[in-house]
Amino acid sequence: MKRLLVLAAAVTAIFANAQTFPGSKPISFVVPFAAGGPTDRVAHDLAEAMRKSMGGGANFVVENVGGAGGTIGAAKVAKAAPDGHTLLLHHIGMASAPALYRKLSYKPLDDFEYVGMINEVPMTLIGKPQLPANTYRDFENYIKANAGKLNIAHAGLGSASHLCGLMWQSAIKANEAMTTIPFGGTAPAMNALVGGQVDLMCDQTTNTTGQIEAGRVKAFAVTTAKPLSGNKLLKDLPTLQEMGLKGFELTIWHGLYAPKGTPPAVLAQINAALKVALKDPDFIKKQEGLGAVVVTDKRVEPAAHKAFVTAEIAKLKPVIEAAGKFAD
Ligand code: MLT
């Protein structure tokens with residue numbers, strides 16, 4: 001707690017000396033997906049924590065700019081004024097989009113200043129309540145027995161839910177077995193799943209935990225390499241590796257980005273506030289309650305997060321090419 005107070009005092013001192021930033025203009029967290037989804041959830045929780053870590057002097061707003069798997073919102077921030085008042089809160093889509101979109105209107109590594117990484121989030125494979133399956137084995141057999149009749153929801157090409165579905169369908173060799181139904185985010189997709197309008201989806205625990213607990217959807221597996229043994233709700237769900245999908249591993253991460261050209265002093269202030277926020281007990285409690293793990297290692301540093309995303313782009317390219325689904 002003492003370290004937190006010292007860090008908070010250092011951040012306050014930085015802001016006390018700031019000539020202009022943040023000033024009275026609000027800081028906008030652009031979320032490239034619909035309100036109510038997992039990315040939006042992280043944004044609201046982080047905005048609350050950063051409002052505190054900036055000594056209450058900054059006003060944050062969350063702006064949802066959905067569509068095209070997060071690329072519309074990302075493009076908006078790439079072109080925004082580089083003054084620290086428009087930030088992109090995005091996820092693994094920063095790394096998957098280059099392999100999925102032949103004509104991406106921004107360069108993830110060149111058109112942004114990297115502020116730092118926020119968290120890591122497991123994904124769960126879930127189905128509508130009416131599905132006649134209760135174990136992963138029954139679920140996969142049902143999918144294969146109903147090839148061409150089922151649909152899988154996601155948040156657009158390049159979204160985390162799309163990437164997970166792509167990897168999973170490729171792993172069980174069911175690429176043509178299902179129709180994919182895109183939404184502006186996994187909040188509307190979840191509504192359709194709970195309502196039985198779509199059959200299945202892969203989504204982050206930050207969005208699925210509540211629905212699973214309420215029995216509104218069925219959960220079949222987790223996408224992490226290891227079981228979520230620390231999570232009382234999800235600890236008994238098998239991993240896809242345990243279900244025979246060799247080497248299957250997918251963990252979603254979120255990061256914070258500013259337009260290229262944002263002044264280093266402003267970036268340093270935002271990164272300093274992010275570091276304090278990531279140590280905020282309330283923020284950690286909220287995130288861990290939804291299965292997320294808050295970043296505590298060097299990836300919270302701008303250069304380290306950029307190196308991480310660079311490696312993720314290289315890692316995902318062959319995975320996506322193997323699954324063979326691209327956008328023009
Ligand atoms: C995703 O699938 O990329 C996200 O879950 C979308 C969202 O946050 O709504």
# chains A, B, ... in the order shown; residues from 1 in each chain; ligands from 1
$ residues_near_ligand --ligand "ligand 1" --cutoff "10 Å" --atoms "only C-alpha atoms and all ligand atoms" --output "PyMOL selection string"
chain A and resi 31-43+64+66-67+69-70+90-93+123+153-165+182-190+201-208+252
$ residues_around --residues "segment 284-286 of chain A" --least-positions-apart "5" --cutoff "10 Å" --atoms "only C-alpha atoms" --output "mmCIF file with C-alpha atoms, in the first residue's frame"
data_model
loop_
_atom_site.group_PDB
_atom_site.id
_atom_site.type_symbol
_atom_site.label_atom_id
_atom_site.label_comp_id
_atom_site.auth_asym_id
_atom_site.auth_seq_id
_atom_site.Cartn_x
_atom_site.Cartn_y
_atom_site.Cartn_z
ATOM 1 C CA ARG A 41 -15.901 -3.350 -19.678
ATOM 2 C CA VAL A 42 -12.119 -2.998 -19.455
ATOM 3 C CA ASP A 45 -12.996 -0.106 -15.199
ATOM 4 C CA LEU A 46 -9.679 1.415 -16.325
ATOM 5 C CA ALA A 49 -8.933 3.709 -11.931
ATOM 6 C CA ASN A 119 -4.522 -7.250 -18.855
ATOM 7 C CA THR A 206 -15.168 -10.780 -18.819
ATOM 8 C CA ALA A 277 -4.238 2.252 -12.041
ATOM 9 C CA LEU A 278 -3.037 -1.311 -12.667
ATOM 10 C CA LYS A 279 -2.098 -1.495 -8.972
ATOM 11 C CA GLY A 291 -11.370 -14.013 -14.939
ATOM 12 C CA ALA A 292 -8.915 -11.381 -16.206
ATOM 13 C CA VAL A 293 -5.313 -11.050 -15.025
ATOM 14 C CA VAL A 294 -3.950 -7.507 -14.674
ATOM 15 C CA VAL A 295 -0.468 -7.011 -16.174
#
$ select_by_dssp --residues "segment 67-232 of chain A" --states "alpha helix (DSSP H)" --output "JSON, numbers by chain"
{"A": [71, 72, 73, 74, 75, 76, 77, 78, 93, 94, 95, 96, 97, 98, 99, 100, 136, 137, 138, 139, 140, 141, 142, 143, 144, 145, 160, 161, 162, 163, 164, 165, 166, 167, 168, 169, 170, 171, 186, 187, 188, 189, 190, 191, 192, 193, 194, 205, 206, 207, 208, 209, 210, 211, 212, 213]}
$ closest_residue --among "A:Phe308, A:Tyr142, A:Trp253, A:Trp168" --to "Ile118 of chain A" --atoms "only C-alpha atoms"
A:Trp253
$ atom_distance --atom1 "atom CA of Leu89 of chain A" --atom2 "atom CA of Leu256 of chain A"
4.8 Å
$ closest_residue --among "A:Ile320, A:Ile172, A:Leu267, A:Ile313" --to "Leu109 of chain A" --atoms "only C-alpha atoms"
A:Ile313
$ select_by_dssp --residues "segment 163-289 of chain A" --states "strand (DSSP E)" --output "PyMOL selection string"
chain A and resi 178-182+200-204+218-222+251-259
$ closest_atom_pairs --of "segment 48-164 of chain A" --to "segment 219-237 of chain A" --cutoff "7 Å" --atoms "only C-alpha atoms" --output "JSON lines"
{"residue": "A:Pro122", "atom": "CA", "partner": "A:Thr224", "partner_atom": "CA", "distance": 6.0}
{"residue": "A:Met123", "atom": "CA", "partner": "A:Thr223", "partner_atom": "CA", "distance": 5.4}
{"residue": "A:Thr124", "atom": "CA", "partner": "A:Val222", "partner_atom": "CA", "distance": 4.4}
{"residue": "A:Leu125", "atom": "CA", "partner": "A:Ala221", "partner_atom": "CA", "distance": 5.3}
{"residue": "A:Ile126", "atom": "CA", "partner": "A:Ala219", "partner_atom": "CA", "distance": 4.4}
{"residue": "A:Gly127", "atom": "CA", "partner": "A:Ala219", "partner_atom": "CA", "distance": 6.5}
{"residue": "A:Thr135", "atom": "CA", "partner": "A:Phe220", "partner_atom": "CA", "distance": 5.9}
{"residue": "A:Tyr136", "atom": "CA", "partner": "A:Phe220", "partner_atom": "CA", "distance": 4.8}
$ atom_distance --atom1 "atom CA of Phe283 of chain A" --atom2 "atom CA of Met54 of chain A"
14.5 Å
$ closest_residue --among "A:Met117, A:Val65, A:Val217, A:Leu166" --to "Asn191 of chain A" --atoms "only C-alpha atoms"
A:Val217
$ atom_distance --atom1 "atom CA of Ala47 of chain A" --atom2 "atom CA of Ala74 of chain A"
18.2 Å
$ residues_around --residues "Lys107 of chain A" --least-positions-apart "2" --cutoff "12 Å" --atoms "only C-alpha atoms" --output "short mmCIF file (atom, residue, chain, number, x, y, z; two decimals) with N, CA, C and O atoms, in the first residue's frame"
data_model
loop_
_atom_site.label_atom_id
_atom_site.label_comp_id
_atom_site.auth_asym_id
_atom_site.auth_seq_id
_atom_site.Cartn_x
_atom_site.Cartn_y
_atom_site.Cartn_z
N THR A 71 -11.55 -2.46 -36.54
CA THR A 71 -10.63 -1.67 -37.39
C THR A 71 -11.15 -0.26 -37.64
O THR A 71 -10.36 0.66 -37.88
N ALA A 74 -10.09 1.71 -34.52
CA ALA A 74 -8.62 1.87 -34.51
C ALA A 74 -8.20 2.92 -35.53
O ALA A 74 -7.35 3.78 -35.25
N ALA A 75 -8.84 2.90 -36.70
CA ALA A 75 -8.49 3.88 -37.75
C ALA A 75 -8.82 5.30 -37.29
O ALA A 75 -8.08 6.24 -37.58
N VAL A 77 -8.68 6.51 -34.28
CA VAL A 77 -7.64 7.01 -33.35
C VAL A 77 -6.33 7.26 -34.08
O VAL A 77 -5.62 8.22 -33.80
N ALA A 78 -6.04 6.43 -35.07
CA ALA A 78 -4.79 6.63 -35.85
C ALA A 78 -4.78 8.02 -36.48
O ALA A 78 -3.72 8.63 -36.65
N LYS A 79 -5.98 8.52 -36.81
CA LYS A 79 -6.06 9.83 -37.49
C LYS A 79 -6.40 10.97 -36.54
O LYS A 79 -6.54 12.12 -36.93
N MET A 94 -5.32 -5.74 -32.59
CA MET A 94 -4.20 -4.93 -33.12
C MET A 94 -3.22 -5.83 -33.88
O MET A 94 -2.57 -5.42 -34.82
N ALA A 95 -3.16 -7.12 -33.44
CA ALA A 95 -2.18 -8.04 -34.03
C ALA A 95 -2.80 -8.93 -35.09
O ALA A 95 -2.11 -9.43 -35.98
N SER A 96 -4.13 -9.15 -35.02
CA SER A 96 -4.74 -10.07 -36.00
C SER A 96 -5.14 -9.34 -37.28
O SER A 96 -5.11 -9.92 -38.37
N ALA A 97 -5.48 -8.05 -37.17
CA ALA A 97 -6.00 -7.33 -38.35
C ALA A 97 -5.04 -7.32 -39.55
O ALA A 97 -5.47 -7.53 -40.68
N PRO A 98 -3.72 -7.14 -39.34
CA PRO A 98 -2.82 -7.09 -40.52
C PRO A 98 -2.88 -8.36 -41.36
O PRO A 98 -2.75 -8.32 -42.58
N ALA A 99 -3.13 -9.53 -40.72
CA ALA A 99 -3.17 -10.78 -41.49
C ALA A 99 -4.55 -11.00 -42.10
O ALA A 99 -4.71 -11.75 -43.05
N TYR A 101 -6.91 -8.36 -42.99
CA TYR A 101 -7.39 -7.30 -43.90
C TYR A 101 -6.30 -6.98 -44.93
O TYR A 101 -5.22 -6.53 -44.56
N ARG A 102 -6.63 -7.20 -46.19
CA ARG A 102 -5.64 -6.90 -47.23
C ARG A 102 -5.44 -5.39 -47.36
O ARG A 102 -4.36 -4.91 -47.67
N LYS A 103 -6.48 -4.61 -47.08
CA LYS A 103 -6.33 -3.15 -47.23
C LYS A 103 -6.63 -2.46 -45.90
O LYS A 103 -7.63 -1.76 -45.76
N LEU A 104 -5.81 -2.69 -44.90
CA LEU A 104 -6.02 -2.07 -43.59
C LEU A 104 -5.66 -0.59 -43.70
O LEU A 104 -4.61 -0.23 -44.25
N SER A 105 -6.53 0.29 -43.18
CA SER A 105 -6.28 1.74 -43.40
C SER A 105 -5.30 2.33 -42.39
O SER A 105 -5.11 3.55 -42.34
N LEU A 109 1.80 -0.89 -36.08
CA LEU A 109 3.09 -0.61 -35.43
C LEU A 109 3.62 0.78 -35.74
O LEU A 109 4.49 1.29 -35.04
N ASP A 110 3.10 1.43 -36.81
CA ASP A 110 3.66 2.74 -37.20
C ASP A 110 2.75 3.92 -36.90
O ASP A 110 3.23 5.04 -36.76
N ASP A 111 1.45 3.67 -36.83
CA ASP A 111 0.52 4.81 -36.72
C ASP A 111 0.06 5.10 -35.30
O ASP A 111 -0.83 5.92 -35.08
N PHE A 112 0.70 4.41 -34.33
CA PHE A 112 0.30 4.62 -32.94
C PHE A 112 1.54 4.77 -32.05
O PHE A 112 2.60 4.21 -32.35
N GLU A 113 1.35 5.51 -30.97
CA GLU A 113 2.34 5.48 -29.88
C GLU A 113 1.80 4.46 -28.87
O GLU A 113 0.62 4.49 -28.52
N PRO A 259 -2.39 8.31 -30.79
CA PRO A 259 -2.00 8.58 -32.18
C PRO A 259 -0.50 8.87 -32.27
O PRO A 259 0.08 9.47 -31.35
N LYS A 260 0.09 8.47 -33.37
CA LYS A 260 1.53 8.75 -33.62
C LYS A 260 1.74 10.26 -33.49
O LYS A 260 0.93 11.06 -33.95
N THR A 310 4.39 -6.78 -31.69
CA THR A 310 5.15 -7.16 -32.89
C THR A 310 5.28 -8.67 -32.98
O THR A 310 5.05 -9.28 -34.03
N ILE A 313 1.87 -10.27 -33.85
CA ILE A 313 1.55 -10.15 -35.29
C ILE A 313 2.21 -11.30 -36.04
O ILE A 313 1.58 -12.01 -36.84
#
$ closest_residue --among "A:Ala174, A:Asn271, A:Val276, A:Arg216" --to "Glu48 of chain A" --atoms "only C-alpha atoms"
A:Val276
$ closest_residue --among "A:Glu301, A:Glu312, A:Asp138, A:Glu321" --to "Gly116 of chain A" --atoms "only C-alpha atoms"
A:Glu301
